[in-house]
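Chemist: Contents of work28.pdb (PDB, C-alpha atoms, pLDDT in the B column) are below:
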```
MODEL        1
ATOM      1  CA  MET A   1     114.252  76.916 128.324  1.00 42.00           C
ATOM      2  CA  PRO A   2     114.520  74.546 125.378  1.00 41.00           C
ATOM      3  CA  THR A   3     117.712  74.724 123.377  1.00 39.00           C
ATOM      4  CA  SER A   4     117.428  75.236 119.650  1.00 38.00           C
ATOM      5  CA  PRO A   5     119.246  72.641 117.510  1.00 38.00           C
ATOM      6  CA  ALA A   6     122.747  73.481 116.302  1.00 40.00           C
ATOM      7  CA  SER A   7     122.588  76.849 118.019  1.00 39.00           C
ATOM      8  CA  HIS A   8     125.552  79.051 118.823  1.00 40.00           C
ATOM      9  CA  GLU A   9     126.141  80.398 122.295  1.00 41.00           C
ATOM     10  CA  GLY A  10     123.414  82.873 123.179  1.00 42.00           C
ATOM     11  CA  GLN A  11     121.265  81.805 120.215  1.00 44.00           C
ATOM     12  CA  PRO A  12     118.101  80.626 122.070  1.00 44.00           C
ATOM     13  CA  ALA A  13     117.102  84.162 123.098  1.00 43.00           C
ATOM     14  CA  ALA A  14     117.707  85.477 119.585  1.00 45.00           C
ATOM     15  CA  THR A  15     115.650  82.661 118.121  1.00 46.00           C
ATOM     16  CA  THR A  16     112.806  83.422 120.512  1.00 49.00           C
ATOM     17  CA  ASP A  17     112.840  87.089 119.472  1.00 53.00           C
ATOM     18  CA  HIS A  18     112.984  86.045 115.841  1.00 51.00           C
ATOM     19  CA  LEU A  19     109.936  83.841 116.162  1.00 70.00           C
ATOM     20  CA  ALA A  20     108.049  86.645 117.896  1.00 87.00           C
ATOM     21  CA  TRP A  21     108.290  89.067 114.972  1.00 93.00           C
ATOM     22  CA  ARG A  22     108.193  86.365 112.324  1.00 92.00           C
ATOM     23  CA  GLN A  23     104.563  85.502 113.045  1.00 93.00           C
ATOM     24  CA  HIS A  24     103.430  89.010 112.036  1.00 96.00           C
ATOM     25  CA  VAL A  25     104.853  88.892 108.500  1.00 96.00           C
ATOM     26  CA  PRO A  26     101.684  87.482 106.839  1.00 96.00           C
ATOM     27  CA  ALA A  27      99.563  90.204 108.447  1.00 97.00           C
ATOM     28  CA  LEU A  28     101.838  92.907 107.027  1.00 97.00           C
ATOM     29  CA  ALA A  29     101.842  91.302 103.585  1.00 96.00           C
ATOM     30  CA  SER A  30      98.062  91.165 103.636  1.00 97.00           C
ATOM     31  CA  ALA A  31      97.801  94.781 104.828  1.00 97.00           C
ATOM     32  CA  ALA A  32     100.128  96.010 102.070  1.00 96.00           C
ATOM     33  CA  ALA A  33      98.031  94.203  99.481  1.00 96.00           C
ATOM     34  CA  GLY A  34      94.879  95.671 101.012  1.00 97.00           C
ATOM     35  CA  ILE A  35      96.180  99.232 100.643  1.00 97.00           C
ATOM     36  CA  LYS A  36      97.093  98.597  97.023  1.00 96.00           C
ATOM     37  CA  GLN A  37      93.685  97.071  96.394  1.00 97.00           C
ATOM     38  CA  ALA A  38      91.944 100.142  97.820  1.00 97.00           C
ATOM     39  CA  SER A  39      94.125 102.436  95.706  1.00 96.00           C
ATOM     40  CA  ASP A  40      93.649 100.423  92.513  1.00 96.00           C
ATOM     41  CA  ALA A  41      89.887 100.248  93.012  1.00 96.00           C
ATOM     42  CA  TRP A  42      89.712 104.037  93.261  1.00 95.00           C
ATOM     43  CA  ASP A  43      92.059 104.633  90.322  1.00 94.00           C
ATOM     44  CA  ALA A  44      89.873 102.373  88.184  1.00 94.00           C
ATOM     45  CA  VAL A  45      86.823 104.644  88.613  1.00 93.00           C
ATOM     46  CA  SER A  46      88.165 108.092  89.572  1.00 91.00           C
ATOM     47  CA  ASP A  47      88.427 109.318  85.978  1.00 90.00           C
ATOM     48  CA  SER A  48      84.722 108.690  85.450  1.00 91.00           C
ATOM     49  CA  PHE A  49      83.965 111.493  87.919  1.00 90.00           C
ATOM     50  CA  CYS A  50      86.189 113.991  86.084  1.00 92.00           C
ATOM     51  CA  ASP A  51      86.362 115.852  82.786  1.00 89.00           C
ATOM     52  CA  HIS A  52      89.228 115.640  80.304  1.00 87.00           C
ATOM     53  CA  TYR A  53      91.225 118.099  82.391  1.00 86.00           C
ATOM     54  CA  GLY A  54      90.947 116.010  85.542  1.00 85.00           C
ATOM     55  CA  ARG A  55      88.478 118.347  87.212  1.00 89.00           C
ATOM     56  CA  PRO A  56      85.602 116.665  89.079  1.00 88.00           C
ATOM     57  CA  ILE A  57      82.235 116.951  87.334  1.00 92.00           C
ATOM     58  CA  ASP A  58      80.479 114.753  89.870  1.00 91.00           C
ATOM     59  CA  GLU A  59      81.835 116.279  93.057  1.00 92.00           C
ATOM     60  CA  LYS A  60      79.741 114.182  95.406  1.00 93.00           C
ATOM     61  CA  GLY A  61      80.653 110.911  93.695  1.00 93.00           C
ATOM     62  CA  TYR A  62      84.311 111.924  93.620  1.00 93.00           C
ATOM     63  CA  ALA A  63      84.324 112.895  97.288  1.00 94.00           C
ATOM     64  CA  ASP A  64      82.476 109.748  98.354  1.00 95.00           C
ATOM     65  CA  GLY A  65      84.905 107.594  96.397  1.00 95.00           C
ATOM     66  CA  LYS A  66      87.913 109.119  98.137  1.00 96.00           C
ATOM     67  CA  VAL A  67      86.265 108.741 101.529  1.00 96.00           C
ATOM     68  CA  LYS A  68      85.726 105.053 100.833  1.00 96.00           C
ATOM     69  CA  ARG A  69      89.313 104.587  99.623  1.00 97.00           C
ATOM     70  CA  ASP A  70      90.799 106.396 102.616  1.00 98.00           C
ATOM     71  CA  ALA A  71      88.695 104.445 105.118  1.00 97.00           C
ATOM     72  CA  GLU A  72      89.658 101.098 103.598  1.00 97.00           C
ATOM     73  CA  ALA A  73      93.332 102.028 103.438  1.00 98.00           C
ATOM     74  CA  TRP A  74      93.439 103.258 107.047  1.00 98.00           C
ATOM     75  CA  LYS A  75      92.310  99.872 108.355  1.00 97.00           C
ATOM     76  CA  HIS A  76      95.486  98.401 106.868  1.00 98.00           C
ATOM     77  CA  VAL A  77      97.647 101.253 108.165  1.00 98.00           C
ATOM     78  CA  GLU A  78      96.492 100.235 111.644  1.00 98.00           C
ATOM     79  CA  VAL A  79      97.979  96.780 111.029  1.00 98.00           C
ATOM     80  CA  PHE A  80     101.345  98.351 110.202  1.00 98.00           C
ATOM     81  CA  LEU A  81     101.183 100.476 113.342  1.00 98.00           C
ATOM     82  CA  ALA A  82     100.496  97.361 115.404  1.00 97.00           C
ATOM     83  CA  HIS A  83     103.156  95.057 113.930  1.00 97.00           C
ATOM     84  CA  GLY A  84     105.417  97.082 111.635  1.00 97.00           C
ATOM     85  CA  PRO A  85     107.946  98.418 114.181  1.00 97.00           C
ATOM     86  CA  GLU A  86     108.542  94.955 115.666  1.00 96.00           C
ATOM     87  CA  VAL A  87     109.037  93.322 112.270  1.00 96.00           C
ATOM     88  CA  LEU A  88     111.219  96.194 111.074  1.00 97.00           C
ATOM     89  CA  ALA A  89     113.465  95.831 114.113  1.00 95.00           C
ATOM     90  CA  GLY A  90     113.726  92.095 113.459  1.00 94.00           C
ATOM     91  CA  VAL A  91     114.659  92.667 109.827  1.00 95.00           C
ATOM     92  CA  ARG A  92     117.361  95.162 110.696  1.00 95.00           C
ATOM     93  CA  ALA A  93     118.783  92.858 113.331  1.00 93.00           C
ATOM     94  CA  ALA A  94     118.846  89.867 110.969  1.00 93.00           C
ATOM     95  CA  ALA A  95     120.115  91.621 107.830  1.00 95.00           C
ATOM     96  CA  SER A  96     123.838  91.728 107.221  1.00 94.00           C
ATOM     97  CA  GLY A  97     125.794  94.462 105.487  1.00 93.00           C
ATOM     98  CA  ALA A  98     126.059  92.264 102.422  1.00 95.00           C
ATOM     99  CA  ASP A  99     122.260  92.041 102.198  1.00 95.00           C
ATOM    100  CA  TYR A 100     122.157  95.773 101.520  1.00 95.00           C
ATOM    101  CA  VAL A 101     124.678  95.499  98.687  1.00 94.00           C
ATOM    102  CA  GLU A 102     123.636  92.371  96.808  1.00 93.00           C
ATOM    103  CA  GLY A 103     121.282  89.441  96.983  1.00 92.00           C
ATOM    104  CA  PRO A 104     117.528  88.961  96.632  1.00 95.00           C
ATOM    105  CA  ILE A 105     116.428  91.615  99.147  1.00 97.00           C
ATOM    106  CA  ASN A 106     118.897  94.454  98.640  1.00 96.00           C
ATOM    107  CA  GLU A 107     116.339  96.574  96.770  1.00 96.00           C
ATOM    108  CA  ASP A 108     113.682  95.864  99.393  1.00 97.00           C
ATOM    109  CA  LEU A 109     116.021  96.900 102.195  1.00 97.00           C
ATOM    110  CA  ARG A 110     116.749 100.170 100.410  1.00 95.00           C
ATOM    111  CA  ARG A 111     113.045 100.891 100.139  1.00 95.00           C
ATOM    112  CA  LEU A 112     112.754 100.695 103.926  1.00 96.00           C
ATOM    113  CA  ARG A 113     114.877 103.773 104.539  1.00 92.00           C
ATOM    114  CA  GLY A 114     111.842 106.035 104.830  1.00 94.00           C
ATOM    115  CA  ILE A 115     109.441 103.665 106.535  1.00 97.00           C
ATOM    116  CA  ASP A 116     110.289 104.965 110.025  1.00 96.00           C
ATOM    117  CA  THR A 117     109.022 108.416 109.027  1.00 97.00           C
ATOM    118  CA  THR A 118     105.910 106.908 107.463  1.00 97.00           C
ATOM    119  CA  LEU A 119     105.040 104.940 110.595  1.00 98.00           C
ATOM    120  CA  GLU A 120     105.821 107.893 112.850  1.00 98.00           C
ATOM    121  CA  ARG A 121     103.531 110.175 110.854  1.00 97.00           C
ATOM    122  CA  ALA A 122     100.716 107.602 110.862  1.00 98.00           C
ATOM    123  CA  GLY A 123     101.177 107.088 114.588  1.00 97.00           C
ATOM    124  CA  GLN A 124     100.887 110.822 115.195  1.00 97.00           C
ATOM    125  CA  ILE A 125      97.651 110.944 113.191  1.00 97.00           C
ATOM    126  CA  ARG A 126      96.228 108.119 115.273  1.00 96.00           C
ATOM    127  CA  HIS A 127      97.350 109.813 118.490  1.00 96.00           C
ATOM    128  CA  GLU A 128      95.577 113.026 117.480  1.00 94.00           C
ATOM    129  CA  TRP A 129      92.462 111.001 116.638  1.00 92.00           C
ATOM    130  CA  ASP A 130      92.523 109.406 120.097  1.00 91.00           C
ATOM    131  CA  GLN A 131      92.776 112.854 121.677  1.00 91.00           C
ATOM    132  CA  VAL A 132      89.832 114.148 119.652  1.00 88.00           C
ATOM    133  CA  MET A 133      87.724 111.162 120.706  1.00 86.00           C
ATOM    134  CA  ALA A 134      88.643 111.701 124.353  1.00 86.00           C
ATOM    135  CA  LEU A 135      87.624 115.356 124.125  1.00 84.00           C
ATOM    136  CA  MET A 136      84.326 114.396 122.508  1.00 81.00           C
ATOM    137  CA  ASP A 137      83.579 111.926 125.265  1.00 77.00           C
ATOM    138  CA  ALA A 138      84.270 114.607 127.874  1.00 76.00           C
ATOM    139  CA  SER A 139      82.554 117.608 126.284  1.00 73.00           C
ATOM    140  CA  LEU A 140      79.849 116.121 124.052  1.00 68.00           C
ATOM    141  CA  PRO A 141      78.142 113.363 126.018  1.00 66.00           C
ATOM    142  CA  GLY A 142      75.492 111.695 123.917  1.00 67.00           C
ATOM    143  CA  SER A 143      76.677 113.413 120.713  1.00 69.00           C
ATOM    144  CA  ARG A 144      79.803 111.380 120.062  1.00 71.00           C
ATOM    145  CA  GLU A 145      78.396 109.422 117.139  1.00 73.00           C
ATOM    146  CA  ILE A 146      77.326 112.583 115.318  1.00 76.00           C
ATOM    147  CA  TYR A 147      80.787 114.110 115.298  1.00 81.00           C
ATOM    148  CA  ALA A 148      82.894 110.939 115.376  1.00 84.00           C
ATOM    149  CA  SER A 149      82.090 110.070 111.772  1.00 86.00           C
ATOM    150  CA  GLN A 150      83.314 113.431 110.513  1.00 88.00           C
ATOM    151  CA  ALA A 151      86.444 113.231 112.654  1.00 89.00           C
ATOM    152  CA  GLN A 152      87.072 109.742 111.338  1.00 93.00           C
ATOM    153  CA  GLU A 153      86.882 110.954 107.743  1.00 94.00           C
ATOM    154  CA  ILE A 154      89.444 113.644 108.553  1.00 95.00           C
ATOM    155  CA  ARG A 155      91.759 111.082 110.158  1.00 96.00           C
ATOM    156  CA  ASN A 156      91.471 108.719 107.200  1.00 97.00           C
ATOM    157  CA  SER A 157      92.084 111.532 104.724  1.00 97.00           C
ATOM    158  CA  GLU A 158      95.164 112.754 106.583  1.00 97.00           C
ATOM    159  CA  GLY A 159      96.376 109.165 106.791  1.00 97.00           C
ATOM    160  CA  TRP A 160      96.151 108.535 103.055  1.00 97.00           C
ATOM    161  CA  ASN A 161      99.678 109.803 102.360  1.00 97.00           C
ATOM    162  CA  SER A 162     101.035 107.322 104.889  1.00 97.00           C
ATOM    163  CA  ALA A 163      98.950 104.559 103.343  1.00 98.00           C
ATOM    164  CA  ASP A 164     100.230 105.473  99.891  1.00 97.00           C
ATOM    165  CA  GLU A 165     103.832 105.243 101.105  1.00 97.00           C
ATOM    166  CA  LEU A 166     103.142 101.903 102.773  1.00 97.00           C
ATOM    167  CA  SER A 167     101.745 100.521  99.518  1.00 95.00           C
ATOM    168  CA  PHE A 168     105.390 100.545  98.343  1.00 95.00           C
ATOM    169  CA  GLN A 169     107.330 100.200 101.583  1.00 97.00           C
ATOM    170  CA  GLY A 170     105.007  97.587 103.087  1.00 97.00           C
ATOM    171  CA  PRO A 171     105.562  94.840 100.494  1.00 97.00           C
ATOM    172  CA  ALA A 172     109.310  95.462 100.716  1.00 97.00           C
ATOM    173  CA  LEU A 173     109.201  94.977 104.481  1.00 98.00           C
ATOM    174  CA  ALA A 174     107.149  91.788 104.156  1.00 97.00           C
ATOM    175  CA  ARG A 175     109.440  90.311 101.482  1.00 97.00           C
ATOM    176  CA  ALA A 176     112.632  91.139 103.366  1.00 97.00           C
ATOM    177  CA  ALA A 177     111.183  89.810 106.621  1.00 96.00           C
ATOM    178  CA  ASP A 178     110.030  86.596 104.978  1.00 95.00           C
ATOM    179  CA  TYR A 179     113.432  85.974 103.393  1.00 96.00           C
ATOM    180  CA  LEU A 180     115.418  86.733 106.542  1.00 94.00           C
ATOM    181  CA  ALA A 181     113.068  84.784 108.803  1.00 90.00           C
ATOM    182  CA  ASN A 182     113.437  81.654 106.741  1.00 88.00           C
ATOM    183  CA  ARG A 183     117.199  82.103 106.453  1.00 85.00           C
ATOM    184  CA  VAL A 184     117.634  82.423 110.207  1.00 70.00           C
ATOM    185  CA  ASP A 185     115.192  79.609 110.968  1.00 62.00           C
ATOM    186  CA  PRO A 186     115.081  77.349 107.873  1.00 58.00           C
ATOM    187  CA  ASP A 187     113.321  74.498 109.693  1.00 56.00           C
ATOM    188  CA  GLN A 188     110.154  76.555 110.066  1.00 53.00           C
ATOM    189  CA  PRO A 189     107.440  76.327 107.373  1.00 52.00           C
ATOM    190  CA  SER A 190     107.682  78.960 104.668  1.00 53.00           C
ATOM    191  CA  GLN A 191     106.050  82.200 105.733  1.00 49.00           C
ATOM    192  CA  SER A 192     105.225  82.888 102.100  1.00 52.00           C
ATOM    193  CA  GLU A 193     102.668  80.121 102.173  1.00 55.00           C
ATOM    194  CA  ARG A 194     101.126  81.501 105.361  1.00 53.00           C
ATOM    195  CA  ALA A 195     101.022  84.987 103.862  1.00 50.00           C
ATOM    196  CA  GLN A 196      99.228  83.716 100.777  1.00 56.00           C
ATOM    197  CA  VAL A 197      96.618  82.086 103.006  1.00 50.00           C
ATOM    198  CA  ALA A 198      96.211  85.356 104.923  1.00 50.00           C
ATOM    199  CA  LEU A 199      95.863  87.313 101.693  1.00 53.00           C
ATOM    200  CA  ALA A 200      93.259  84.909 100.338  1.00 56.00           C
ATOM    201  CA  ARG A 201      91.306  85.167 103.579  1.00 53.00           C
ATOM    202  CA  SER A 202      91.464  88.972 103.644  1.00 50.00           C
ATOM    203  CA  THR A 203      90.195  89.338 100.084  1.00 51.00           C
ATOM    204  CA  SER A 204      87.631  86.528 100.037  1.00 54.00           C
ATOM    205  CA  GLY A 205      84.432  87.728  98.492  1.00 49.00           C
ATOM    206  CA  ASN A 206      86.158  90.815  97.055  1.00 49.00           C
ATOM    207  CA  ARG A 207      88.115  91.557  93.923  1.00 47.00           C
ATOM    208  CA  GLY A 208      91.662  91.569  95.239  1.00 45.00           C
ATOM    209  CA  ALA A 209      95.238  91.687  94.110  1.00 43.00           C
ATOM    210  CA  PRO A 210      96.848  88.338  93.234  1.00 44.00           C
ATOM    211  CA  PRO A 211      97.962  86.861  96.567  1.00 44.00           C
ATOM    212  CA  ALA A 212     101.416  85.862  95.407  1.00 42.00           C
ATOM    213  CA  SER A 213     102.571  89.294  94.279  1.00 39.00           C
ATOM    214  CA  PRO A 214     103.247  90.984  97.662  1.00 41.00           C
ATOM    215  CA  LEU A 215     105.775  88.323  98.642  1.00 40.00           C
ATOM    216  CA  ALA A 216     107.385  87.681  95.253  1.00 40.00           C
ATOM    217  CA  PRO A 217     111.170  88.249  95.421  1.00 41.00           C
ATOM    218  CA  SER A 218     112.082  91.750  94.304  1.00 41.00           C
ATOM    219  CA  ALA A 219     114.085  90.997  91.185  1.00 39.00           C
ATOM    220  CA  SER A 220     113.421  94.438  89.735  1.00 40.00           C
ATOM    221  CA  ASN A 221     111.551  97.571  90.642  1.00 43.00           C
ATOM    222  CA  PRO A 222     107.822  97.197  89.922  1.00 43.00           C
ATOM    223  CA  THR A 223     106.112  99.799  87.820  1.00 41.00           C
ATOM    224  CA  ALA A 224     104.605 102.360  90.166  1.00 45.00           C
ATOM    225  CA  PRO A 225     100.841 102.749  89.767  1.00 44.00           C
ATOM    226  CA  ARG A 226      99.398 106.193  89.159  1.00 44.00           C
ATOM    227  CA  ARG A 227      99.051 107.808  92.558  1.00 47.00           C
ATOM    228  CA  SER A 228      95.677 109.160  93.516  1.00 50.00           C
ATOM    229  CA  ARG A 229      95.239 112.688  94.676  1.00 49.00           C
TER     230      ARG A 229
ENDMDL
END
```
As structure tokens, what does this structure read like?
Modeler:
Amino acid sequence: MPTSPASHEGQPAATTDHLAWRQHVPALASAAAGIKQASDAWDAVSDSFCDHYGRPIDEKGYADGKVKRDAEAWKHVEVFLAHGPEVLAGVRAAASGADYVEGPINEDLRRLRGIDTTLERAGQIRHEWDQVMALMDASLPGSREIYASQAQEIRNSEGWNSADELSFQGPALARAADYLANRVDPDQPSQSERAQVALARSTSGNRGAPPASPLAPSASNPTAPRRSR
């Protein structure tokens, strides 16, 4: 195995693990931005379907809009399910006690306290979806497509709360991971630049959130957008 430069005893294995989770940071940053984009797009038009009291007057348009939002957001939740636990473990291994008290990522690290529950809940929703699909394949041969769409809408709707949580926790995880990855391995190219490229690619052809915002250092708490119901 190659030896990393200026490494301490036992460092090569740690560096290898670090590089393994480090490569997923841009994907998480892009996914967090994608969830926020889906939420913002819905918030921008949701009031047009409602009266002054917030009650839907165009029930079909309102329902269709939420279905579209939930479906778009769930695609990004899947990215967190695929890569989030590995990156989260890397962050917790690399962060020191002092990082939680002061420094550029202390607020981001605090925001991660509930992310385990968020990922666990989303994982359970996906597991239940997989079970439903397996039952459909076994009991409804030839009719899967008819019922799969409805089941998918239910999954996406149930997953929206997890997506909403990840719209806040996800950027914090990406920022903390980016900072710690570059601190542990400063010779590697900045992951922020790679994340910006990933964000630009994911939102090409669409109106998206500014690519730099998900990875900007958390100097203060951002203003929380109005949450959709």
Chemist: So, with all atoms listed in the file as the atoms that count, which of A:Ala176, A:Leu81, A:Ala41, A:Met133 lies closest to Glu145 (chain A)?
Modeler: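 Ranked by minimum distance to Glu145 (chain A), first place goes to A:Met133.
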Chemist: Find the nearest atom pair between each residue of region 71-164 of chain A and region 17-39 of chain A for residues within 12 Å, count all atoms listed in the file, give distances in Å to one decimal, sort rows by chain and ascending number, and present the table as a tab-separated table.
Modeler:
```
residue	atom	partner	partner_atom	distance
A:Ala71	CA	A:Ala38	CA	9.1
A:Glu72	CA	A:Ala38	CA	6.3
A:Ala73	CA	A:Ile35	CA	4.9
A:Trp74	CA	A:Ile35	CA	8.0
A:Lys75	CA	A:Ala31	CA	8.3
A:His76	CA	A:Ala31	CA	4.8
A:Val77	CA	A:Ala31	CA	7.3
A:Glu78	CA	A:Ala31	CA	8.8
A:Val79	CA	A:Ala31	CA	6.5
A:Phe80	CA	A:Leu28	CA	6.3
A:Leu81	CA	A:Leu28	CA	9.9
A:Ala82	CA	A:His24	CA	9.5
A:His83	CA	A:His24	CA	6.3
A:Gly84	CA	A:Leu28	CA	7.2
A:Pro85	CA	A:Trp21	CA	9.4
A:Glu86	CA	A:Trp21	CA	5.9
A:Val87	CA	A:Trp21	CA	5.1
A:Leu88	CA	A:Trp21	CA	8.6
A:Ala89	CA	A:Trp21	CA	8.6
A:Gly90	CA	A:Trp21	CA	6.4
A:Val91	CA	A:Trp21	CA	8.9
A:Arg92	CA	A:His18	CA	11.3
A:Ala93	CA	A:His18	CA	9.3
A:Ala94	CA	A:His18	CA	8.5
A:Gly159	CA	A:Ile35	CA	11.7
A:Trp160	CA	A:Ile35	CA	9.6
A:Asn161	CA	A:Ile35	CA	11.3
A:Ser162	CA	A:Ile35	CA	10.3
A:Ala163	CA	A:Ile35	CA	6.6
A:Asp164	CA	A:Ile35	CA	7.5
```
Chemist: Have a look at CA of Cys50 (chain A) and CA of Ala151 (chain A) and let me know their distance in Å, one decimal.
Modeler: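 Going from CA of Cys50 (chain A) over to CA of Ala151 (chain A), I get 26.6 Å.
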Chemist: For the structure shown, which residues end up in the PyMOL selection byres ((chain A and resi 99-106) around 9)? Put them as a PDB file with C-alpha atoms, keeping the file's coordinate frame, please?
Modeler:
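Listed below is the output, result38.pdb:
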```
ATOM      1  CA  ALA A  95     120.115  91.621 107.830  1.00 95.00           C
ATOM      2  CA  SER A  96     123.838  91.728 107.221  1.00 94.00           C
ATOM      3  CA  GLY A  97     125.794  94.462 105.487  1.00 93.00           C
ATOM      4  CA  ALA A  98     126.059  92.264 102.422  1.00 95.00           C
ATOM      5  CA  GLU A 107     116.339  96.574  96.770  1.00 96.00           C
ATOM      6  CA  ASP A 108     113.682  95.864  99.393  1.00 97.00           C
ATOM      7  CA  LEU A 109     116.021  96.900 102.195  1.00 97.00           C
ATOM      8  CA  ARG A 110     116.749 100.170 100.410  1.00 95.00           C
ATOM      9  CA  ARG A 111     113.045 100.891 100.139  1.00 95.00           C
ATOM     10  CA  ALA A 172     109.310  95.462 100.716  1.00 97.00           C
ATOM     11  CA  ARG A 175     109.440  90.311 101.482  1.00 97.00           C
ATOM     12  CA  ALA A 176     112.632  91.139 103.366  1.00 97.00           C
ATOM     13  CA  TYR A 179     113.432  85.974 103.393  1.00 96.00           C
ATOM     14  CA  LEU A 180     115.418  86.733 106.542  1.00 94.00           C
ATOM     15  CA  PRO A 217     111.170  88.249  95.421  1.00 41.00           C
ATOM     16  CA  SER A 218     112.082  91.750  94.304  1.00 41.00           C
ATOM     17  CA  ALA A 219     114.085  90.997  91.185  1.00 39.00           C
TER      18      ALA A 219
END
```
Chemist: How many Å lie between CA of Tyr147 (chain A) and CA of Thr117 (chain A), rounded to one decimal?
Modeler: 29.5 Å
Chemist: On this structure, the PyMOL selection byres ((chain A and resi 47) around 12) would catch which residues? List them as an NGL selection string, sorted by chain and number.
Modeler: :A and (41-46 or 48-59 or 61-62 or 65 or 226 or 228-229)
Chemist: Quick check, in Å to one decimal: how far apart do CA of Leu135 (chain A) and CA of Ile154 (chain A) lie?
Modeler: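 Rounded to one decimal, the two atoms are 15.8 Å apart.
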Chemist: To test the calculation: enclose all listed atoms of region 132-139 of chain A in a box whose edges run along x, y and z, add 8 Å on each side, then state centre and edge lengths in Å to one decimal, as AutoDock Vina command-line options.
Modeler:
```
--center_x 86.2 --center_y 114.4 --center_z 123.8 --size_x 23.3 --size_y 22.4 --size_z 24.2
```
Chemist: Counting all atoms listed in the file, figure out which residue out of A:Ser139, A:Ala122, A:Glu128, A:Leu112 gets nearest to Ala177 (chain A).
Modeler: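 Closest residue, counting all atoms listed in the file: A:Leu112.
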Chemist: Under the rule that all atoms listed in the file are counted, which of A:Ser149, A:Ser157, A:Gln124, A:Gln169 is the nearest residue to Ala63 (chain A)?
Modeler: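 Nearest to Ala63 (chain A): A:Ser157.
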Chemist: Pick the closest to Leu119 (chain A) from A:Asp137, A:Glu153, A:Glu158, A:Glu165: which is it, counting all atoms listed in the file?
Modeler: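 Between A:Asp137, A:Glu153, A:Glu158, A:Glu165, the residue approaching Leu119 (chain A) most closely is A:Glu165.
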